[in-house]
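Peer 1: Mind looking over this structure? Questions follow.
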Amino acid sequence: MKFERYGTGIVKGMALTLKHLFRAPITVQYPDEKLNISRRTRGNELVWFPEKCTGCGTCTKACLQGNIILVTHRGEESKFIVDKFELDSGRCIFCGLCVESCPYNALAMGLSYECAKYSRKDLVLSKERLAVSNDHQPSAYYRPQFDDQLPDQSLLLYDRDKGGQKLKFLPLSKRKRGSGA
Amino acid sequence: MLEQYGYVGILLIVAILFTITIPMLPMLLKRIGLIPGKKNPTKVQSYECGMQTVGKTRVQYNFRYYFFAVLFVLLDMLTIFLYPWAVNVKELGAGGLVAVGIILSLLTVGYLYAWRKGALQWK
Amino acid sequence: MFSVGLDQYLILSAVLFCIGLFGVLTQRNVIKVIMCLEIMLNAVNIALIAFSQYITPVTLTGQVFAIFVMVVAAAEVAVGIAIIFTVYRNRESVDIENFNILKW
Amino acid sequence: MEIIRPEVTTPQEADLAEGKLINSFLETCTGQYPDPDKWLDEEIRRNVLLTTVDAAVAWARQRSIFPLIFGTACCAFEMIAASGPRFDLSRFGMDIIRFSPRQADVMLITGTITWKMATAARMIYDQMPEPKWVIAVGACAISGGTFRESYSVVPGVNHIMPVDVYVPGCPPRPEAMIHGINRLHAKIVKGTIDNPNLALK
Amino acid sequence: MTLLDQFQLILKTAGWPEWAVYLTPAIVGILIIIIFVLTVVIVFIWWERRLISRFQIRLGPNRCGPEGILQPIATAVKILLKEDIVPEKADKLIHFIAPIIVFVPILLIFAVVPFGEGAILVDLNVGIIYVIAISSISVIGIFMAAWGSGNKYSYISGMRSIAQMVSYEIPVVLSIVGIALVTGSFSMIKIVEAQSIPFILLQPLGFLIFFLGSLAEMNRSPFDLLEADSEIVAGYHIEYSGMKFAMFYLGEYGVALAYSGIITTLFLSGWQGPLLPPILWFIIKVMLVFSLIIWMRATLPRLRVDQLMSFAWKFLLPMAVINLVVVAVEVLVLPAGLQWVMVILNFGLAAVLILLWSKLFTLGGGRVEV
Amino acid sequence: MPIKTEQFYLNVGPQHPSTHGVFRLRLSLDGEVVTDVEPIIGYLHRGIEKLAESRTYTQIIPLTDRLDYLASMTDNVAYCLAVEKLAGIKIPERAEYIRVIFSELMRISSHMMAVGFYLNDCGAFFTPVLYMWREREKIIDLFDMVCGQRLLYNYMRVGGVSQDVPDEFLPAIKKFVAEMPRYIGEYNQLIKQNEIFLARSKGVGILPKETAVNIGASGPVLRASGVKWDIRKMDPYSIYDRFDFEVPTGEAGDCYDRYWVRIQEMTQSLRIIEQAINQIPAKGPICSEVPQFFRPPPGETYGYIEAPKGNLGFYIVSDGSIAPYRLHIYPPTLINITALKDMMIGWKVADLIIIFGSMDVVLGEIDR
Amino acid sequence: MLEIAFALLAITAVASAVAVIVVRDIFRAALCLILLFMTVAGVYLLLHADFLAIVQILVYVGAISILIIVAIMLTRDARQGPPLGNLKYPAAVVGILLLGVVVFGIINTAFVIPDNAPLQETVKPLGKALFGDSGYLLTMEIAVVMLLSAILGAIAVIREK
Ligand code: SF4
Ligand code: SF4
Ligand code: SF4
């Protein structure tokens with residue numbers, strides 16, 4: 001191996017790293033600034049709409065690992081009443097197949113991803129935990145009806161606008177939020 | 001001159017004391033229970049990507065560069081002669097330069113011989 | 001308190017020399033023999049430099065000699081170890097016994 | 001269970017020993033390590049004198065974590081993404097990624113652990129010096145995930161070692177991972193100088 | 001007249017007993033040096049982590065104290081309270097003393113580093129050779145660590161340490177001789193004072209050789225084979241935990257500081273500089289050198305061990321010899337005032353030599369038939 | 001006569017910084033020179049093929065994601081193509097284009113990781129990886145926008161894709177395609193001519209053409225050895241015959257060529273994406289009607305595509321039930337690494353790491 | 001001061017020299033040898049030979065011990081050296097006798113010690129002595145030639161044929 005380039009290759013590379021030294025870092029300081037995540041995010045929790053769910057059980061069948069535990073009994077007018085709707089979020093792979101299969105739009109993927117827990121038990125989400133609420137919002141994955149309520153995703157591609165200004169990453173609280181379904 | 005080296009000696013003593021304290025400190029802290037942890041047989045096995053070590057560790061090592069080591073010792077010895085010359089170069093003048101020239105040319109001869117014999121080629 | 005003079009340095013040198021000599025005579029591992037040789041050469045150097053310091057403090061003759069001794073030591077180690085490698089290649093051993101018969 | 005790897009001299013012996021070890025490990029690891037979550041409610045009894053020292057030490061431990069990325073599968077790449085330029089774990093002082101367990105503080109299990117790998121995982125866990133913590137990242141590490149039914153997959157690393165923080169997701173977003181690490185920070189802060197690892201209480 | 005001597009004079013006039021006159025300044029000086037070194041090392045650790053992050057378009061530690069400056073302190077406290085493991089395969093005695101053997105020489109080097117005008121512990125006649133000699137002890141320490149750990153990766157790393165040392169010492173020594181030719185002394189202070197023109201201009205080739213050699217000495221990229229993460233995990237300190245590991249870690253930056261200081265002294269005219277106080281100039285230059293090292297680390301891949309040796313033996317060594325001869329002739333022929341001629345000559349020479357030699361030599365290595 | 005040495009065994013892996021997961025190599029060393037290599041796999045054996053036998057055809061798609069998790073979209077595509085072939089399903093035009101766009105994006109992202117980690121193995125302290133990661137994040141953002149996940153997309157469906165791309169997708173990808181060449185140029189500037197890198201990778205780990213063909217290597221590894229073989233050209237599946245692109249090849253088959261082929265393929269992928277964006281029909285169905293519990297007719301089929309890592313095949317046997325009777329995966333990297341031993345012996349430990357890195361393996365695929 | 005330093009150095013030197021012989025583990029023996037080299041360097045310093053002390057470290061600690069370590073690494077079953085040979089007792093007798101004679105000689109010789117102050121700088125005078133007209137030039141060249149022949153010899157001997 002000859003040194004045919006007399007070290008110019010090394011110099012070029014070093015020039016490039018030097019150039020990067022003066023570029024703005026692309027880091028998002030996560031707990032302080034948050035990225036607007038994709039509207040179709042398959043977050044780490046499912047969102048369940050109790051009033052829409054008929055307890056048909058399609059979702060449990062669609063799940064590739066039987067992750068949703070559904071216990072129902074028949075109420076009046078032979079409607080199913082859901083006693084237990086449990087999701088083991090420590091096992092769920094958030095593939096979204098259950099959401100896709102639900103014929104009544106009663107299940108959606110969640111937006112939240114800050115779900116780290118100290119104990120395994122806490123990962124099993126009960127019906128109350130899954131039910132939609134103000135801070136438990138569905139994403140638009142397979143539910144295009146929620147599309148408009150969610151803010152635009154912040155893309156690294158558009159990291160900078162025309163003037164070279166760095167795009168602000170909004171804190172979660174300041175984002176435009178829908179009121180849920 | 002001895003005073004100067006006395007300072008170096010004091011620095012040496014301080015440095016040794018200082019560096020010995022550093023690993024001793026955790027031992028002390030462990031004695032009074034501030035550092036957790038107890039021995040277990042797995043912990044003291046040597047780390048090899050989580051697998052077991054096969055065979056001896058300190059084996060005879062095929063040190064293909066022993067050749068370089070030999071050359072290094074000899075050349076290092078040659079450079080010793082250069083120091084006294086370097087500080088005297090102006091006083092010694094051309095005579096010194098010639099003497100050193102001889103040293104360096106001999107060095108070059110040895111070096112070229114080594115190169116030609118493929119000693120600098122590490123297969 | 002004793003005073004440090006030429007005698008003390010020379011005695012130190014003699015002691016080291018004799019330890020080295022004992023080692024050279026008794027060790028069976030060639031590498032250790034070489035190590036003991038180094039001890040002896042070092043002992044000699046101490047004596048030389050002590051002489052240089054006390055007898056010829058201006059001309060530094062002893063120090064010049066010490067440098068030459070070092071040169072010899074380096075050459076000796078280099079060649080010695082080269083020979084060890086060569087013998088080792090054939091005999092797979094560093095026992096001094098194998099070096100007694102210098103025909104391989 | 002302690003992983004004792006016998007002295008072996010040939011690769012064949014090593015393979016035999018490994019097989020035996022894996023089988024015996026599989027048999028012994030039936031129960032789960034309990035999740036040490038009692039400390040959450042418990043008021044920690046801090047030594048009055050040592051309170052500030054405790055706080056300082058906990059701060060140091062929390063702020064300077066050398067992670068050992070035990071990355072086996074997909075989740076590992078989200079972990080790398082988390083330490084990549086966009087999410088940059090190094091902000092929390094976690095940029096010195098150590099692959100030697102001797103210097104690591106937190107073992108980040110990112111990926112599926114199979115039984116074959118489990119012995120290595122446990123061994124590396126054991127080889128980490130105290131205080132140490134474990135974060136199980138991803139469905140596979142938490143429970144075996146979608147491979148739970150498989151014959152070869154450990155149904156959750158809490159079968160083979162105690163886990164401090166679980167980060168669900170498959171794979172969790174880098175933010176989720178950082179969140180998990182922040183939860184661990186919160187846990188470490190509650191530790192005391194002589195009992196840093198509340199997990200082992 | 002160093003600051004130490006002045007201090008001694010003051011004490012003497014104050015009528016202190018003789019041993020106190022001798023010891024007090026020494027102890028004070030040594031303590032100042034150690035504190036200074038530790039502080040700068042902490043800054044270095046922080047600086048490296050921040051700067052390398054910025055090279056990699058991220059932010060780096062910024063949560064711990066203002067801009068993350070307390071990060072190394074947190075690390076130190078944490079490591080202090082970390083369990084210390086001695087593996088059973090280790091040679092316990094050697095395992096214990098190896099970090100000491102690594103660390104002590106690094107502290108010893110600072111005895112001759114002039115931090116400012118007169119701010120030097122001792123101005124030895126043999127100053128710069130002393131540095132080379134002392135730092136070769138560190139290699140033994142590293143080898144002891146590698147051997148004592150009883151780990152196979154560290155064993156390989158230990159062998160590599162010898163390979164590196166064997167190849168880089170001679171070019172470094174020769175480039176130093178080139179400096180001594182100009183200054184006529186090995187004393188660090190004299191070397192600084194002789195630099196009306198920084199020697200980086202006067203001897204560009206010498207600088208290149210010394211810089212690369214000291215990179216190898218510091219185990220810095222692209223010569224960081226000893227702890228090559230991607231190959232031998234962590235190298236010689238793989239089995240070290242707790243404070244012993246911290247010593248290696250500190251030592252790594254300590255030696256970086258020492259060598260940055262020495263490069264500053266030898267080639268960048270040390271503390272000299274207009275306007276600012278000398279110590280500040282010194283620190284600025286050291287930081288510059290260290291930043292250059294970090295910059296290289298952020299860019300360059302690592303050489304293989306045989307390529308490294310070929311590079312040292314086939315590229316640096318002939319260059320160093322030629323440089324030495326040329327400088328000697330120049331010193332003898334040119335009158336003292338014509339240093340600028342020497343600058344031009346040497347730059348031309350460096351360019352020509354590098355171009356020529358790049359054509360001539362090959363790194364070699366490659367596949368071995370087994 | 002060289003000195004005979006003792007056997008020195010060294011485990012590299014499974015928990016090693018540069019085995020890209022849990023690969024394990026047991027080396028016999030002679031000094032630093034590798035005299036024998038024994039690759040040991042199975043540390044990530046997750047039983048995907050077995051699990052697939054108990055899942056419906058749709059439920060297998062998430063499993064295929066987890067094979068080659070750096071290019072999960074192409075795995076999806078390969079599987080769906082195989083099932084579509086089995087059941088004779090036609091897929092809508094727009095879905096075809098979406099598939100092509102995503103496959104090529106995936107290829108870029110996968111190659112970026114391959115090259116980045118390869119350079120990391122060479123010892124460049126994370127910088128190339130992190131630069132490439134920046135661009136990969138951009139790609140991942142696009143994936144995230146469309147399928148809501150960053151790594152494992154589960155986007156393809158038998159008969160098409162699961163959802164249409166959102167409106168902002170096309171402008172975004174146009175912007176990406178427009179600016180990506182500049183970044184590729186930056187990578188080249190960073191490392192391509194670096195002397196150290198060249199010294200480390202040129203002539204190292206040569207895989208001769210014959211061996212490459214004999215072992216059945218594929219993908220960039222094969223092409224680097226000088227064989228112009230690309231299923232997209234040789235046996236165009238999907239709609240690849242509509243695009244104009246080249247198949248870059250290397251000459252020597254060494255690590256450098258493997259690196260360089262990947263970089264060039266990124267450019268070619270960009271070309272394909274550009275054409276696809278221009279040709280894609282504006283609106284239209286994106287998935288043909290396939291029942292949720294879909295039962296293909298009994299029979300067997302083999303579908304294969306050019307995945308970023310090579311020839312990825314799915315062999316499916318159906319017995320007419322909702323789950324396949326047998327699913328076999330033909331992973332390219334498993335085939336490629338069979339040449340490892342030949343390539344590694346005689347090189348040094350450091351070379352071995354980069355040879356392994358240049359193969360671009362993903363353990364999920366090898367161990368399945 | 002000087003006395004304490006000398007006593008310390010002498011004791012360490014003798015102890016480590018004995019250790020070199022006694023310690024079975026050859027790597028540890030080599031480390032003891034290195035310690036000996038360093039203490040000898042210290043003794044040189046006491047003798048005002050600073051340049052030689054540095055050279056001692058440079059050559060012995062930096063080079064020769066490296067070579068010895070390389071030799072240890074390269075050869076098998078050298079780790080635990082074999083026990084002392086059967087020459088043990090004769091050698092001890094020879095050693096002690098020699099020691100006695102030499103010490104007797106040293107004590108009974110009255111050296112003529114001029115009382116010049118020791119030189120403050122040794123590098124320059126050494127250079128003058130080596131290169132100057134006083135006559136070691138030839139010796140030095142011979143030494144260098146010897147080194148060269150050692151290089152050639154070593155290469156010739158160890159070259160793998
Ligand atoms: S499929 Fe939908 S409606 Fe039926 S049980 Fe599940 S969530 Fe309820
Ligand atoms: S997201 Fe997937 S794994 Fe989770 S419950 Fe739904 S179908 Fe099951
Ligand atoms: S949890 Fe999901 S992403 Fe993580 S390793 Fe398991 S399958 Fe892969």
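For the structure tokens, the naming scheme is as follows: chains receive sequential letters (A, B, ...) according to their order of presentation, residues are indexed from 1 within each chain, and ligands are indexed from 1 in presentation order.
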Could you build a table of the residues in chain B lying no more than 9 Å from chain D, giving for each the nearest pair of atoms and their separation in Å rounded to one decimal place, using only C-alpha atoms, ordered by chain and ascending residue number, as a tab-separated table?
Peer 2:
```
residue	atom	partner	partner_atom	distance
B:Gly33	CA	D:Asp194	CA	6.6
B:Leu34	CA	D:Asp194	CA	4.6
B:Ile35	CA	D:Asp194	CA	6.3
B:Pro36	CA	D:Glu130	CA	5.9
B:Gly37	CA	D:Glu130	CA	5.2
B:Lys38	CA	D:Glu130	CA	8.4
B:Asn40	CA	D:Glu2	CA	8.0
B:Pro41	CA	D:Ile4	CA	6.9
B:Thr42	CA	D:Ile3	CA	5.7
B:Lys43	CA	D:Gln127	CA	4.2
B:Val44	CA	D:Gln127	CA	7.1
B:Gln45	CA	D:Gln127	CA	7.7
B:Ser46	CA	D:Gln127	CA	8.5
B:Tyr47	CA	D:Ser100	CA	7.5
B:Glu48	CA	D:Ser100	CA	9.0
B:Cys49	CA	D:Ala120	CA	7.6
B:Gly50	CA	D:Ala120	CA	4.4
B:Met51	CA	D:Ala120	CA	6.2
B:Gln52	CA	D:Arg5	CA	5.8
B:Thr53	CA	D:Val8	CA	7.3
B:Val54	CA	D:Thr9	CA	5.2
B:Gly55	CA	D:Thr9	CA	4.0
B:Lys56	CA	D:Thr9	CA	7.3
```
Peer 1: Take the residues just selected and output them with N, CA, C and O atoms as a PDB file, in the first residue's frame.
Peer 2:
```
ATOM      1  N   GLY B  33     -17.804  -0.525  54.816  1.00  0.00           N
ATOM      2  CA  GLY B  33     -19.138  -0.864  54.334  1.00  0.00           C
ATOM      3  C   GLY B  33     -19.768   0.155  53.417  1.00  0.00           C
ATOM      4  O   GLY B  33     -20.979   0.136  53.198  1.00  0.00           O
ATOM      5  N   LEU B  34     -18.983   1.063  52.903  1.00  0.00           N
ATOM      6  CA  LEU B  34     -19.604   2.052  52.021  1.00  0.00           C
ATOM      7  C   LEU B  34     -19.656   1.569  50.586  1.00  0.00           C
ATOM      8  O   LEU B  34     -20.440   2.058  49.795  1.00  0.00           O
ATOM      9  N   ILE B  35     -18.806   0.636  50.246  1.00  0.00           N
ATOM     10  CA  ILE B  35     -18.848   0.114  48.893  1.00  0.00           C
ATOM     11  C   ILE B  35     -19.510  -1.248  48.928  1.00  0.00           C
ATOM     12  O   ILE B  35     -19.083  -2.134  49.661  1.00  0.00           O
ATOM     13  N   PRO B  36     -20.554  -1.391  48.183  1.00  0.00           N
ATOM     14  CA  PRO B  36     -21.280  -2.651  48.236  1.00  0.00           C
ATOM     15  C   PRO B  36     -20.540  -3.720  47.464  1.00  0.00           C
ATOM     16  O   PRO B  36     -19.517  -3.476  46.833  1.00  0.00           O
ATOM     17  N   GLY B  37     -21.085  -4.897  47.512  1.00  0.00           N
ATOM     18  CA  GLY B  37     -20.557  -5.948  46.664  1.00  0.00           C
ATOM     19  C   GLY B  37     -19.810  -6.999  47.439  1.00  0.00           C
ATOM     20  O   GLY B  37     -19.092  -6.717  48.379  1.00  0.00           O
ATOM     21  N   LYS B  38     -20.051  -8.212  47.038  1.00  0.00           N
ATOM     22  CA  LYS B  38     -19.276  -9.284  47.632  1.00  0.00           C
ATOM     23  C   LYS B  38     -18.805 -10.205  46.516  1.00  0.00           C
ATOM     24  O   LYS B  38     -19.329 -10.197  45.411  1.00  0.00           O
ATOM     25  N   ASN B  40     -18.285 -13.279  44.260  1.00  0.00           N
ATOM     26  CA  ASN B  40     -18.905 -14.541  43.921  1.00  0.00           C
ATOM     27  C   ASN B  40     -18.117 -15.160  42.792  1.00  0.00           C
ATOM     28  O   ASN B  40     -17.389 -14.469  42.076  1.00  0.00           O
ATOM     29  N   PRO B  41     -18.235 -16.451  42.668  1.00  0.00           N
ATOM     30  CA  PRO B  41     -17.317 -17.139  41.747  1.00  0.00           C
ATOM     31  C   PRO B  41     -17.434 -16.676  40.303  1.00  0.00           C
ATOM     32  O   PRO B  41     -16.466 -16.750  39.548  1.00  0.00           O
ATOM     33  N   THR B  42     -18.604 -16.201  39.910  1.00  0.00           N
ATOM     34  CA  THR B  42     -18.719 -15.745  38.532  1.00  0.00           C
ATOM     35  C   THR B  42     -17.995 -14.437  38.343  1.00  0.00           C
ATOM     36  O   THR B  42     -17.412 -14.173  37.304  1.00  0.00           O
ATOM     37  N   LYS B  43     -18.079 -13.615  39.372  1.00  0.00           N
ATOM     38  CA  LYS B  43     -17.544 -12.271  39.230  1.00  0.00           C
ATOM     39  C   LYS B  43     -16.053 -12.281  38.952  1.00  0.00           C
ATOM     40  O   LYS B  43     -15.547 -11.454  38.214  1.00  0.00           O
ATOM     41  N   VAL B  44     -15.366 -13.219  39.561  1.00  0.00           N
ATOM     42  CA  VAL B  44     -13.917 -13.185  39.421  1.00  0.00           C
ATOM     43  C   VAL B  44     -13.418 -13.971  38.217  1.00  0.00           C
ATOM     44  O   VAL B  44     -12.223 -14.058  38.000  1.00  0.00           O
ATOM     45  N   GLN B  45     -14.327 -14.513  37.441  1.00  0.00           N
ATOM     46  CA  GLN B  45     -13.847 -15.141  36.207  1.00  0.00           C
ATOM     47  C   GLN B  45     -13.484 -14.058  35.206  1.00  0.00           C
ATOM     48  O   GLN B  45     -14.029 -12.972  35.245  1.00  0.00           O
ATOM     49  N   SER B  46     -12.567 -14.424  34.315  1.00  0.00           N
ATOM     50  CA  SER B  46     -12.156 -13.343  33.424  1.00  0.00           C
ATOM     51  C   SER B  46     -13.177 -13.163  32.309  1.00  0.00           C
ATOM     52  O   SER B  46     -13.859 -14.093  31.906  1.00  0.00           O
ATOM     53  N   TYR B  47     -13.258 -11.942  31.852  1.00  0.00           N
ATOM     54  CA  TYR B  47     -14.262 -11.581  30.868  1.00  0.00           C
ATOM     55  C   TYR B  47     -13.768 -11.944  29.478  1.00  0.00           C
ATOM     56  O   TYR B  47     -12.707 -11.508  29.067  1.00  0.00           O
ATOM     57  N   GLU B  48     -14.545 -12.738  28.824  1.00  0.00           N
ATOM     58  CA  GLU B  48     -14.193 -12.986  27.434  1.00  0.00           C
ATOM     59  C   GLU B  48     -15.494 -13.052  26.652  1.00  0.00           C
ATOM     60  O   GLU B  48     -15.922 -14.095  26.195  1.00  0.00           O
ATOM     61  N   CYS B  49     -16.136 -11.928  26.542  1.00  0.00           N
ATOM     62  CA  CYS B  49     -17.391 -11.832  25.823  1.00  0.00           C
ATOM     63  C   CYS B  49     -18.449 -12.747  26.419  1.00  0.00           C
ATOM     64  O   CYS B  49     -19.328 -13.228  25.732  1.00  0.00           O
ATOM     65  N   GLY B  50     -18.342 -13.019  27.705  1.00  0.00           N
ATOM     66  CA  GLY B  50     -19.354 -13.827  28.345  1.00  0.00           C
ATOM     67  C   GLY B  50     -19.215 -15.307  28.071  1.00  0.00           C
ATOM     68  O   GLY B  50     -20.094 -16.080  28.418  1.00  0.00           O
ATOM     69  N   MET B  51     -18.146 -15.687  27.451  1.00  0.00           N
ATOM     70  CA  MET B  51     -17.948 -17.102  27.174  1.00  0.00           C
ATOM     71  C   MET B  51     -16.794 -17.588  28.024  1.00  0.00           C
ATOM     72  O   MET B  51     -16.090 -16.818  28.646  1.00  0.00           O
ATOM     73  N   GLN B  52     -16.587 -18.904  27.990  1.00  0.00           N
ATOM     74  CA  GLN B  52     -15.501 -19.359  28.828  1.00  0.00           C
ATOM     75  C   GLN B  52     -14.177 -19.288  28.082  1.00  0.00           C
ATOM     76  O   GLN B  52     -14.122 -19.345  26.861  1.00  0.00           O
ATOM     77  N   THR B  53     -13.153 -19.135  28.869  1.00  0.00           N
ATOM     78  CA  THR B  53     -11.819 -19.080  28.288  1.00  0.00           C
ATOM     79  C   THR B  53     -11.391 -20.490  27.942  1.00  0.00           C
ATOM     80  O   THR B  53     -11.509 -21.381  28.762  1.00  0.00           O
ATOM     81  N   VAL B  54     -10.921 -20.641  26.749  1.00  0.00           N
ATOM     82  CA  VAL B  54     -10.466 -21.965  26.340  1.00  0.00           C
ATOM     83  C   VAL B  54      -8.950 -21.973  26.362  1.00  0.00           C
ATOM     84  O   VAL B  54      -8.304 -21.156  25.713  1.00  0.00           O
ATOM     85  N   GLY B  55      -8.438 -22.883  27.106  1.00  0.00           N
ATOM     86  CA  GLY B  55      -6.991 -23.033  27.119  1.00  0.00           C
ATOM     87  C   GLY B  55      -6.314 -21.969  27.971  1.00  0.00           C
ATOM     88  O   GLY B  55      -6.935 -21.178  28.649  1.00  0.00           O
ATOM     89  N   LYS B  56      -4.989 -21.995  27.891  1.00  0.00           N
ATOM     90  CA  LYS B  56      -4.209 -21.086  28.722  1.00  0.00           C
ATOM     91  C   LYS B  56      -4.326 -19.649  28.214  1.00  0.00           C
ATOM     92  O   LYS B  56      -4.564 -19.407  27.049  1.00  0.00           O
TER      93      LYS B  56
END
```
Peer 1: Please check which protein, DNA or RNA residues sit within 9 Å of ligand 2, counting only C-alpha atoms and all ligand atoms, and write them as a PyMOL selection string.
Peer 2: (chain A and resi 42+44-46+59-68+87-89+91-101+109) or (chain D and resi 145-146) or (chain F and resi 59+62)
Peer 1: Per residue of chain A within 8 Å of ligand 1, record the nearest atom pair and its distance in Å to one decimal, counting only C-alpha atoms and all ligand atoms, with rows in chain order and ascending residue number, as a Markdown table.
Peer 2:
```
| residue | atom | partner | partner_atom_place_in_ligand_line | distance |
| --- | --- | --- | --- | --- |
| A:Trp48 | CA | ligand 1 | 7 (S) | 6.6 |
| A:Phe49 | CA | ligand 1 | 7 (S) | 7.6 |
| A:Pro50 | CA | ligand 1 | 8 (Fe) | 7.8 |
| A:Lys52 | CA | ligand 1 | 3 (S) | 6.7 |
| A:Cys53 | CA | ligand 1 | 8 (Fe) | 3.8 |
| A:Thr54 | CA | ligand 1 | 3 (S) | 4.5 |
| A:Gly55 | CA | ligand 1 | 5 (S) | 3.7 |
| A:Cys56 | CA | ligand 1 | 4 (Fe) | 3.8 |
| A:Gly57 | CA | ligand 1 | 5 (S) | 3.9 |
| A:Thr58 | CA | ligand 1 | 1 (S) | 4.1 |
| A:Cys59 | CA | ligand 1 | 1 (S) | 4.0 |
| A:Thr60 | CA | ligand 1 | 6 (Fe) | 6.5 |
| A:Leu70 | CA | ligand 1 | 5 (S) | 7.2 |
| A:Cys98 | CA | ligand 1 | 1 (S) | 7.0 |
| A:Val99 | CA | ligand 1 | 2 (Fe) | 7.5 |
| A:Ser101 | CA | ligand 1 | 1 (S) | 6.4 |
| A:Cys102 | CA | ligand 1 | 1 (S) | 3.7 |
| A:Pro103 | CA | ligand 1 | 2 (Fe) | 5.9 |
| A:Tyr104 | CA | ligand 1 | 3 (S) | 5.1 |
| A:Asn105 | CA | ligand 1 | 2 (Fe) | 6.2 |
| A:Ala106 | CA | ligand 1 | 2 (Fe) | 4.7 |
| A:Leu107 | CA | ligand 1 | 7 (S) | 4.8 |
```
Peer 1: Counting only C-alpha atoms and all ligand atoms, name the residues that have an atom within 8 Å of an atom of ligand 3; the answer should be given as an MDAnalysis selection string.
Peer 2: (chainID A and resid 93) or (chainID D and resid 72:76 110:112 137:142 144:147 168:172) or (chainID F and resid 66 69 151:152)
Peer 1: Sort by chain and increasing residue number a table of all residues of chain E within 10 Å of chain A, each with its closest pair of atoms and their distance in Å to one decimal, counting only C-alpha atoms, and write it as CSV.
Peer 2:
```
residue,atom,partner,partner_atom,distance
E:Leu51,CA,A:Leu21,CA,8.1
E:Ile52,CA,A:Leu21,CA,8.7
E:Ser53,CA,A:Leu21,CA,8.8
E:Arg54,CA,A:Leu21,CA,5.4
E:Phe55,CA,A:Leu21,CA,4.6
E:Gln56,CA,A:His20,CA,7.1
E:Ile57,CA,A:Pro25,CA,4.3
E:Arg58,CA,A:Pro25,CA,4.7
E:Leu59,CA,A:Pro25,CA,6.3
E:Gly60,CA,A:Thr27,CA,9.5
E:Trp295,CA,A:Met14,CA,7.3
E:Met296,CA,A:Met14,CA,7.1
E:Arg297,CA,A:Met14,CA,9.8
E:Ala298,CA,A:Thr17,CA,7.4
E:Thr299,CA,A:Met14,CA,5.9
E:Leu300,CA,A:Ile10,CA,7.4
E:Pro301,CA,A:Ile10,CA,9.9
E:Gln307,CA,A:Met1,CA,9.6
E:Ala351,CA,A:Tyr6,CA,9.6
E:Ile354,CA,A:Tyr6,CA,7.0
E:Leu355,CA,A:Tyr6,CA,6.4
E:Leu356,CA,A:Tyr6,CA,9.4
E:Trp357,CA,A:Phe3,CA,8.6
E:Ser358,CA,A:Phe3,CA,5.0
E:Lys359,CA,A:Glu4,CA,6.5
E:Leu360,CA,A:Lys2,CA,7.8
E:Phe361,CA,A:Lys2,CA,6.5
E:Thr362,CA,A:Lys2,CA,4.9
E:Leu363,CA,A:Met1,CA,5.4
E:Gly364,CA,A:Met1,CA,6.3
E:Gly365,CA,A:Met1,CA,8.8
E:Gly366,CA,A:Met1,CA,9.7
```
Peer 1: Just how far from CA of Ala145 in chain E is CA of Val70 in chain B, in Å to one decimal?
Peer 2: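 Result for CA of Val70 in chain B versus CA of Ala145 in chain E: 23.4 Å, one decimal.
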Peer 1: Can you pull out the residues contacting Val165 in chain D? Cut-off 6 Å, using only C-alpha atoms, and skip same-chain residues under 6 positions away; I want them as a list in words.
Peer 2: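 Residues near the query, excluding close chain neighbours: Lys117 and Tyr118 of chain A; Ile135 of chain D.
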Peer 1: Keeping N, CA and C atoms, export the residues of the selection given above as a tab-separated table (two decimals), in the first residue's frame.
Peer 2:
```
chain	number	residue	atom	x	y	z
A	117	LYS	N	-41.49	1.66	33.26
A	117	LYS	CA	-42.05	1.34	34.56
A	117	LYS	C	-40.99	0.66	35.41
A	118	TYR	N	-41.24	0.75	36.71
A	118	TYR	CA	-40.27	0.11	37.59
A	118	TYR	C	-40.60	-1.35	37.82
D	135	ILE	N	-31.59	-2.29	32.87
D	135	ILE	CA	-32.77	-1.78	32.20
D	135	ILE	C	-33.13	-2.79	31.13
```
